[in-house]
$ cat query.cif   # mmCIF, C-alpha atoms
data_my_file
#
loop_
_atom_site.label_atom_id
_atom_site.label_comp_id
_atom_site.auth_asym_id
_atom_site.auth_seq_id
_atom_site.Cartn_x
_atom_site.Cartn_y
_atom_site.Cartn_z
CA MET A 1 0.00 0.00 0.00
CA ASP A 2 1.56 3.25 -1.07
CA GLU A 3 -1.06 5.62 0.26
CA THR A 4 -0.92 7.02 3.75
CA ARG A 5 -3.95 6.16 5.83
CA ILE A 6 -4.94 7.39 9.25
CA SER A 7 -6.87 5.36 11.77
CA PRO A 8 -10.66 5.53 11.49
CA LEU A 9 -10.64 5.88 15.29
CA VAL A 10 -9.51 9.47 14.78
CA SER A 11 -12.22 11.99 14.04
CA THR A 12 -11.80 13.73 10.71
CA GLY A 13 -12.34 17.35 9.87
CA LYS A 14 -9.35 18.72 11.73
CA ALA A 15 -5.77 17.64 12.18
CA PRO A 16 -5.57 14.42 14.16
CA SER A 17 -4.03 14.79 17.57
CA PHE A 18 -3.67 12.88 20.77
CA GLN A 19 -5.91 13.99 23.57
CA SER A 20 -4.32 13.73 26.96
CA ASN A 21 -6.43 11.65 29.31
CA GLY A 22 -5.73 12.42 32.94
CA GLY A 23 -2.01 12.71 32.36
CA PHE A 24 -1.62 9.38 30.56
CA PRO A 25 1.08 9.37 27.87
CA ARG A 26 0.26 9.47 24.17
CA ILE A 27 0.89 6.31 22.18
CA LEU A 28 1.33 5.92 18.41
CA VAL A 29 0.59 2.40 17.10
CA VAL A 30 1.78 1.50 13.59
CA ASP A 31 0.95 -1.65 11.62
CA ASP A 32 0.14 -2.10 7.95
CA GLU A 33 -2.55 -4.59 8.96
CA SER A 34 -5.29 -2.17 9.96
CA ALA A 35 -7.10 -4.78 12.07
CA ILE A 36 -3.99 -5.15 14.25
CA ALA A 37 -3.27 -1.42 14.52
CA ASP A 38 -6.90 -0.60 15.29
CA THR A 39 -7.27 -3.45 17.81
CA LEU A 40 -4.12 -2.48 19.72
CA THR A 41 -5.22 1.16 19.69
CA GLU A 42 -8.65 0.20 21.01
CA ILE A 43 -7.13 -1.95 23.79
CA LEU A 44 -4.88 0.92 24.84
CA CYS A 45 -7.68 3.50 24.70
CA ARG A 46 -10.04 1.30 26.74
CA SER A 47 -7.26 0.96 29.31
CA GLY A 48 -6.96 4.74 29.63
CA TYR A 49 -4.02 5.40 27.31
CA PRO A 50 -4.64 7.97 24.56
CA ALA A 51 -3.55 6.14 21.42
CA ILE A 52 -3.83 6.58 17.69
CA ALA A 53 -3.13 4.22 14.80
CA ALA A 54 -1.26 4.68 11.54
CA TYR A 55 -0.77 2.09 8.83
CA ASP A 56 2.63 2.97 7.37
CA GLY A 57 5.80 4.79 8.32
CA ASN A 58 5.03 7.98 6.42
CA GLY A 59 1.59 8.30 8.00
CA ALA A 60 3.11 7.68 11.42
CA LEU A 61 5.71 10.41 10.87
CA GLU A 62 2.99 12.86 9.86
CA LEU A 63 1.04 12.11 13.03
CA ALA A 64 4.17 12.32 15.18
CA LEU A 65 5.02 15.75 13.78
CA ILE A 66 1.51 16.99 14.60
CA SER A 67 1.58 15.62 18.14
CA PRO A 68 4.75 14.00 19.54
CA PRO A 69 4.16 10.53 20.96
CA GLU A 70 5.59 9.43 24.26
CA LEU A 71 5.60 5.80 23.11
CA LEU A 72 5.84 4.35 19.60
CA ILE A 73 4.62 0.78 19.12
CA THR A 74 5.41 -0.28 15.58
CA ASP A 75 5.53 -3.37 13.44
CA VAL A 76 8.98 -3.89 11.95
CA ILE A 77 7.85 -4.84 8.46
CA LEU A 78 5.93 -1.95 6.92
CA PRO A 79 5.45 -0.80 3.33
CA GLY A 80 7.97 1.87 2.36
CA MET A 81 9.85 2.85 5.51
CA ASN A 82 10.32 -0.14 7.84
CA GLY A 83 9.50 0.12 11.54
CA ILE A 84 13.13 0.24 12.64
CA ASP A 85 13.89 3.20 10.37
CA LEU A 86 10.69 4.81 11.67
CA ALA A 87 11.83 4.23 15.27
CA ILE A 88 15.27 5.69 14.55
CA THR A 89 13.70 8.76 12.92
CA ILE A 90 11.23 9.26 15.78
CA LYS A 91 14.07 8.95 18.34
CA ARG A 92 16.14 11.48 16.39
CA VAL A 93 13.28 14.00 16.47
CA TYR A 94 11.92 13.07 19.92
CA PRO A 95 14.77 11.55 21.99
CA ASP A 96 12.52 10.93 25.01
CA CYS A 97 10.03 8.83 23.03
CA LYS A 98 10.05 5.20 24.12
CA ILE A 99 9.99 2.51 21.43
CA LEU A 100 8.45 -0.95 21.28
CA LEU A 101 8.84 -2.98 18.10
CA PHE A 102 6.81 -6.05 17.28
CA SER A 103 6.91 -8.54 14.47
CA GLY A 104 5.67 -11.92 13.42
CA GLN A 105 8.47 -12.43 10.89
CA ALA A 106 11.92 -13.91 11.39
CA SER A 107 13.39 -11.56 8.76
CA THR A 108 13.46 -8.76 11.32
CA ALA A 109 16.69 -10.08 12.89
CA ASP A 110 18.87 -8.54 10.17
CA LEU A 111 17.16 -5.17 10.55
CA LEU A 112 17.62 -5.26 14.33
CA THR A 113 21.29 -6.19 13.95
CA ARG A 114 21.88 -3.21 11.66
CA ALA A 115 20.11 -0.89 14.10
CA LYS A 116 22.16 -2.25 17.00
CA CYS A 117 25.38 -1.71 15.03
CA ALA A 118 24.27 1.91 14.52
CA GLY A 119 23.92 2.32 18.29
CA HIS A 120 20.16 1.79 18.69
CA SER A 121 18.69 -0.69 21.13
CA PHE A 122 14.99 -1.50 20.80
CA THR A 123 12.73 -4.01 22.53
CA LEU A 124 11.20 -6.53 20.12
CA LEU A 125 7.92 -8.25 20.95
CA SER A 126 6.70 -11.27 19.01
CA LYS A 127 3.28 -11.22 17.37
CA PRO A 128 0.71 -11.91 18.54
CA VAL A 129 1.10 -9.92 21.76
CA PRO A 130 -1.53 -10.86 24.36
CA PRO A 131 -3.36 -7.71 25.55
CA LYS A 132 -2.46 -8.34 29.21
CA ASP A 133 1.25 -8.57 28.31
CA LEU A 134 1.07 -5.49 26.07
CA LEU A 135 -0.54 -3.41 28.81
CA ALA A 136 2.03 -4.56 31.39
CA ILE A 137 4.91 -3.65 29.08
CA VAL A 138 3.36 -0.28 28.19
CA ALA A 139 2.82 0.51 31.88
CA ASP A 140 6.43 -0.46 32.59
CA ARG A 141 7.85 1.68 29.79
CA LEU A 142 5.76 4.72 30.66
CA SER A 143 6.08 4.68 34.44
CA PRO A 144 8.62 6.95 36.13
CA LYS A 145 12.05 5.31 36.15
CA GLY A 146 12.27 4.95 39.92
CA SER A 147 8.94 3.14 40.24
CA ARG A 148 9.19 0.68 37.35
CA PRO A 149 8.57 -2.95 38.29
CA ALA A 150 10.55 -5.48 36.29
CA VAL A 151 8.54 -6.77 33.31
CA PRO A 152 10.07 -9.69 31.45
CA VAL A 153 10.18 -9.24 27.68
CA ALA A 154 10.55 -12.20 25.36
#
$ encode --input "query.cif" --output "structure tokens"
Amino acid sequence: MDETRISPLVSTGKAPSFQSNGGFPRILVVDDESAIADTLTEILCRSGYPAIAAYDGNGALELALISPPELLITDVILPGMNGIDLAITIKRVYPDCKILLFSGQASTADLLTRAKCAGHSFTLLSKPVPPKDLLAIVADRLSPKGSRPAVPVA
């Protein structure tokens, strides 16, 4: 898919933005499979985290420039810009943004190795990610550093 699409969970008519919900961080979810992106976004929103979905790297960058995310959750394999390049770009623009990558494909190992050689270290989750595990990891990544409980990541 070459066109940039924005989540249908975002109201149209004005520029999409994250709405802060009681101080919860903003989360940007990116997956070219809209059902996955929309489902993860819905899980996060129902758990009190303002989240928005994008379906490719370019669309995600557009949303991030409008409203900086505090956490990026992205699939590694995306059309056009892959998720690792997206994560590197987001970190360059927003150094405090936390990153979670996820993938269901073994081919991501080479991309992760290249990123690690370039000095980037990202957490990789395997698809499918059970909602309970996703929420625990998100809570861990977004909690203040001194109060973070240890959450094992596969």
$ resolve_selection --input "query.cif" --expression "the PyMOL selection byres ((chain A and resi 41-58) around 6)" --output "MDAnalysis selection string"
chainID A and resid 5:7 24 26:32 37:40 59:61 78 81 86
$ closest_residue --input "query.cif" --among "A:Ile99, A:Leu134, A:Ile84, A:Arg92" --to "Leu72 in chain A" --atoms "all atoms listed in the file"
A:Ile99
$ atom_distance --input "query.cif" --atom1 "CA of Asn82 in chain A" --atom2 "CA of Ser103 in chain A"
11.2 Å
$ resolve_selection --input "query.cif" --expression "the PyMOL selection byres ((chain A and resi 65) around 12)" --output "ChimeraX atom specification"
/A:15-18,28,58-64,66-69,89-90,93-94
$ atom_distance --input "query.cif" --atom1 "CA of Glu70 in chain A" --atom2 "CA of Cys97 in chain A"
4.6 Å
$ atom_distance --input "query.cif" --atom1 "CA of Gly104 in chain A" --atom2 "CA of Ser143 in chain A"
26.8 Å
$ decode --input "query.cif" --residues "range 17-142 of chain A" --atoms "C-alpha atoms" --output "PDB file, in the first residue's frame"
ATOM      1  CA  SER A  17      -4.034  14.794  17.566  1.00  0.00           C
ATOM      2  CA  PHE A  18      -3.671  12.885  20.768  1.00  0.00           C
ATOM      3  CA  GLN A  19      -5.913  13.985  23.570  1.00  0.00           C
ATOM      4  CA  SER A  20      -4.320  13.730  26.958  1.00  0.00           C
ATOM      5  CA  ASN A  21      -6.433  11.648  29.313  1.00  0.00           C
ATOM      6  CA  GLY A  22      -5.727  12.424  32.936  1.00  0.00           C
ATOM      7  CA  GLY A  23      -2.008  12.710  32.356  1.00  0.00           C
ATOM      8  CA  PHE A  24      -1.618   9.376  30.562  1.00  0.00           C
ATOM      9  CA  PRO A  25       1.076   9.370  27.869  1.00  0.00           C
ATOM     10  CA  ARG A  26       0.263   9.472  24.172  1.00  0.00           C
ATOM     11  CA  ILE A  27       0.893   6.307  22.180  1.00  0.00           C
ATOM     12  CA  LEU A  28       1.330   5.921  18.413  1.00  0.00           C
ATOM     13  CA  VAL A  29       0.591   2.404  17.097  1.00  0.00           C
ATOM     14  CA  VAL A  30       1.782   1.501  13.594  1.00  0.00           C
ATOM     15  CA  ASP A  31       0.955  -1.645  11.622  1.00  0.00           C
ATOM     16  CA  ASP A  32       0.137  -2.097   7.946  1.00  0.00           C
ATOM     17  CA  GLU A  33      -2.547  -4.591   8.958  1.00  0.00           C
ATOM     18  CA  SER A  34      -5.294  -2.167   9.963  1.00  0.00           C
ATOM     19  CA  ALA A  35      -7.097  -4.776  12.073  1.00  0.00           C
ATOM     20  CA  ILE A  36      -3.991  -5.154  14.251  1.00  0.00           C
ATOM     21  CA  ALA A  37      -3.272  -1.423  14.524  1.00  0.00           C
ATOM     22  CA  ASP A  38      -6.897  -0.597  15.289  1.00  0.00           C
ATOM     23  CA  THR A  39      -7.270  -3.446  17.807  1.00  0.00           C
ATOM     24  CA  LEU A  40      -4.115  -2.477  19.717  1.00  0.00           C
ATOM     25  CA  THR A  41      -5.225   1.155  19.690  1.00  0.00           C
ATOM     26  CA  GLU A  42      -8.654   0.196  21.010  1.00  0.00           C
ATOM     27  CA  ILE A  43      -7.125  -1.952  23.791  1.00  0.00           C
ATOM     28  CA  LEU A  44      -4.876   0.917  24.836  1.00  0.00           C
ATOM     29  CA  CYS A  45      -7.684   3.499  24.702  1.00  0.00           C
ATOM     30  CA  ARG A  46     -10.037   1.302  26.745  1.00  0.00           C
ATOM     31  CA  SER A  47      -7.256   0.963  29.311  1.00  0.00           C
ATOM     32  CA  GLY A  48      -6.958   4.738  29.628  1.00  0.00           C
ATOM     33  CA  TYR A  49      -4.019   5.405  27.307  1.00  0.00           C
ATOM     34  CA  PRO A  50      -4.636   7.970  24.562  1.00  0.00           C
ATOM     35  CA  ALA A  51      -3.548   6.142  21.425  1.00  0.00           C
ATOM     36  CA  ILE A  52      -3.826   6.583  17.692  1.00  0.00           C
ATOM     37  CA  ALA A  53      -3.132   4.221  14.804  1.00  0.00           C
ATOM     38  CA  ALA A  54      -1.255   4.683  11.543  1.00  0.00           C
ATOM     39  CA  TYR A  55      -0.774   2.094   8.832  1.00  0.00           C
ATOM     40  CA  ASP A  56       2.625   2.971   7.373  1.00  0.00           C
ATOM     41  CA  GLY A  57       5.801   4.794   8.317  1.00  0.00           C
ATOM     42  CA  ASN A  58       5.030   7.984   6.425  1.00  0.00           C
ATOM     43  CA  GLY A  59       1.594   8.301   8.001  1.00  0.00           C
ATOM     44  CA  ALA A  60       3.109   7.684  11.423  1.00  0.00           C
ATOM     45  CA  LEU A  61       5.708  10.414  10.870  1.00  0.00           C
ATOM     46  CA  GLU A  62       2.988  12.864   9.857  1.00  0.00           C
ATOM     47  CA  LEU A  63       1.036  12.111  13.027  1.00  0.00           C
ATOM     48  CA  ALA A  64       4.170  12.322  15.184  1.00  0.00           C
ATOM     49  CA  LEU A  65       5.018  15.752  13.776  1.00  0.00           C
ATOM     50  CA  ILE A  66       1.508  16.988  14.604  1.00  0.00           C
ATOM     51  CA  SER A  67       1.582  15.621  18.139  1.00  0.00           C
ATOM     52  CA  PRO A  68       4.746  14.004  19.543  1.00  0.00           C
ATOM     53  CA  PRO A  69       4.160  10.526  20.958  1.00  0.00           C
ATOM     54  CA  GLU A  70       5.593   9.429  24.265  1.00  0.00           C
ATOM     55  CA  LEU A  71       5.595   5.798  23.109  1.00  0.00           C
ATOM     56  CA  LEU A  72       5.835   4.345  19.604  1.00  0.00           C
ATOM     57  CA  ILE A  73       4.624   0.780  19.122  1.00  0.00           C
ATOM     58  CA  THR A  74       5.409  -0.283  15.580  1.00  0.00           C
ATOM     59  CA  ASP A  75       5.532  -3.371  13.435  1.00  0.00           C
ATOM     60  CA  VAL A  76       8.979  -3.895  11.955  1.00  0.00           C
ATOM     61  CA  ILE A  77       7.851  -4.845   8.459  1.00  0.00           C
ATOM     62  CA  LEU A  78       5.926  -1.947   6.916  1.00  0.00           C
ATOM     63  CA  PRO A  79       5.446  -0.799   3.329  1.00  0.00           C
ATOM     64  CA  GLY A  80       7.969   1.868   2.360  1.00  0.00           C
ATOM     65  CA  MET A  81       9.854   2.851   5.508  1.00  0.00           C
ATOM     66  CA  ASN A  82      10.318  -0.139   7.839  1.00  0.00           C
ATOM     67  CA  GLY A  83       9.502   0.117  11.535  1.00  0.00           C
ATOM     68  CA  ILE A  84      13.134   0.240  12.637  1.00  0.00           C
ATOM     69  CA  ASP A  85      13.885   3.204  10.366  1.00  0.00           C
ATOM     70  CA  LEU A  86      10.689   4.813  11.668  1.00  0.00           C
ATOM     71  CA  ALA A  87      11.826   4.235  15.267  1.00  0.00           C
ATOM     72  CA  ILE A  88      15.266   5.693  14.550  1.00  0.00           C
ATOM     73  CA  THR A  89      13.696   8.760  12.917  1.00  0.00           C
ATOM     74  CA  ILE A  90      11.234   9.262  15.781  1.00  0.00           C
ATOM     75  CA  LYS A  91      14.065   8.945  18.341  1.00  0.00           C
ATOM     76  CA  ARG A  92      16.136  11.479  16.389  1.00  0.00           C
ATOM     77  CA  VAL A  93      13.283  14.003  16.469  1.00  0.00           C
ATOM     78  CA  TYR A  94      11.923  13.069  19.923  1.00  0.00           C
ATOM     79  CA  PRO A  95      14.774  11.553  21.994  1.00  0.00           C
ATOM     80  CA  ASP A  96      12.523  10.926  25.007  1.00  0.00           C
ATOM     81  CA  CYS A  97      10.027   8.834  23.033  1.00  0.00           C
ATOM     82  CA  LYS A  98      10.054   5.204  24.117  1.00  0.00           C
ATOM     83  CA  ILE A  99       9.992   2.514  21.426  1.00  0.00           C
ATOM     84  CA  LEU A 100       8.453  -0.951  21.283  1.00  0.00           C
ATOM     85  CA  LEU A 101       8.843  -2.979  18.103  1.00  0.00           C
ATOM     86  CA  PHE A 102       6.811  -6.046  17.284  1.00  0.00           C
ATOM     87  CA  SER A 103       6.906  -8.542  14.469  1.00  0.00           C
ATOM     88  CA  GLY A 104       5.668 -11.922  13.416  1.00  0.00           C
ATOM     89  CA  GLN A 105       8.472 -12.432  10.890  1.00  0.00           C
ATOM     90  CA  ALA A 106      11.916 -13.912  11.391  1.00  0.00           C
ATOM     91  CA  SER A 107      13.390 -11.565   8.761  1.00  0.00           C
ATOM     92  CA  THR A 108      13.465  -8.761  11.317  1.00  0.00           C
ATOM     93  CA  ALA A 109      16.690 -10.082  12.894  1.00  0.00           C
ATOM     94  CA  ASP A 110      18.872  -8.542  10.170  1.00  0.00           C
ATOM     95  CA  LEU A 111      17.160  -5.166  10.550  1.00  0.00           C
ATOM     96  CA  LEU A 112      17.619  -5.260  14.330  1.00  0.00           C
ATOM     97  CA  THR A 113      21.289  -6.186  13.953  1.00  0.00           C
ATOM     98  CA  ARG A 114      21.880  -3.213  11.659  1.00  0.00           C
ATOM     99  CA  ALA A 115      20.107  -0.894  14.104  1.00  0.00           C
ATOM    100  CA  LYS A 116      22.157  -2.251  17.005  1.00  0.00           C
ATOM    101  CA  CYS A 117      25.379  -1.707  15.026  1.00  0.00           C
ATOM    102  CA  ALA A 118      24.273   1.911  14.519  1.00  0.00           C
ATOM    103  CA  GLY A 119      23.925   2.320  18.292  1.00  0.00           C
ATOM    104  CA  HIS A 120      20.162   1.790  18.690  1.00  0.00           C
ATOM    105  CA  SER A 121      18.685  -0.694  21.134  1.00  0.00           C
ATOM    106  CA  PHE A 122      14.991  -1.497  20.796  1.00  0.00           C
ATOM    107  CA  THR A 123      12.734  -4.014  22.528  1.00  0.00           C
ATOM    108  CA  LEU A 124      11.197  -6.529  20.117  1.00  0.00           C
ATOM    109  CA  LEU A 125       7.918  -8.253  20.948  1.00  0.00           C
ATOM    110  CA  SER A 126       6.699 -11.267  19.007  1.00  0.00           C
ATOM    111  CA  LYS A 127       3.278 -11.217  17.366  1.00  0.00           C
ATOM    112  CA  PRO A 128       0.714 -11.908  18.544  1.00  0.00           C
ATOM    113  CA  VAL A 129       1.098  -9.916  21.759  1.00  0.00           C
ATOM    114  CA  PRO A 130      -1.526 -10.863  24.359  1.00  0.00           C
ATOM    115  CA  PRO A 131      -3.360  -7.713  25.549  1.00  0.00           C
ATOM    116  CA  LYS A 132      -2.458  -8.340  29.206  1.00  0.00           C
ATOM    117  CA  ASP A 133       1.250  -8.566  28.312  1.00  0.00           C
ATOM    118  CA  LEU A 134       1.066  -5.490  26.074  1.00  0.00           C
ATOM    119  CA  LEU A 135      -0.542  -3.413  28.810  1.00  0.00           C
ATOM    120  CA  ALA A 136       2.029  -4.557  31.391  1.00  0.00           C
ATOM    121  CA  ILE A 137       4.915  -3.648  29.084  1.00  0.00           C
ATOM    122  CA  VAL A 138       3.358  -0.277  28.188  1.00  0.00           C
ATOM    123  CA  ALA A 139       2.822   0.514  31.875  1.00  0.00           C
ATOM    124  CA  ASP A 140       6.430  -0.459  32.590  1.00  0.00           C
ATOM    125  CA  ARG A 141       7.853   1.684  29.793  1.00  0.00           C
ATOM    126  CA  LEU A 142       5.763   4.719  30.660  1.00  0.00           C
TER     127      LEU A 142
END
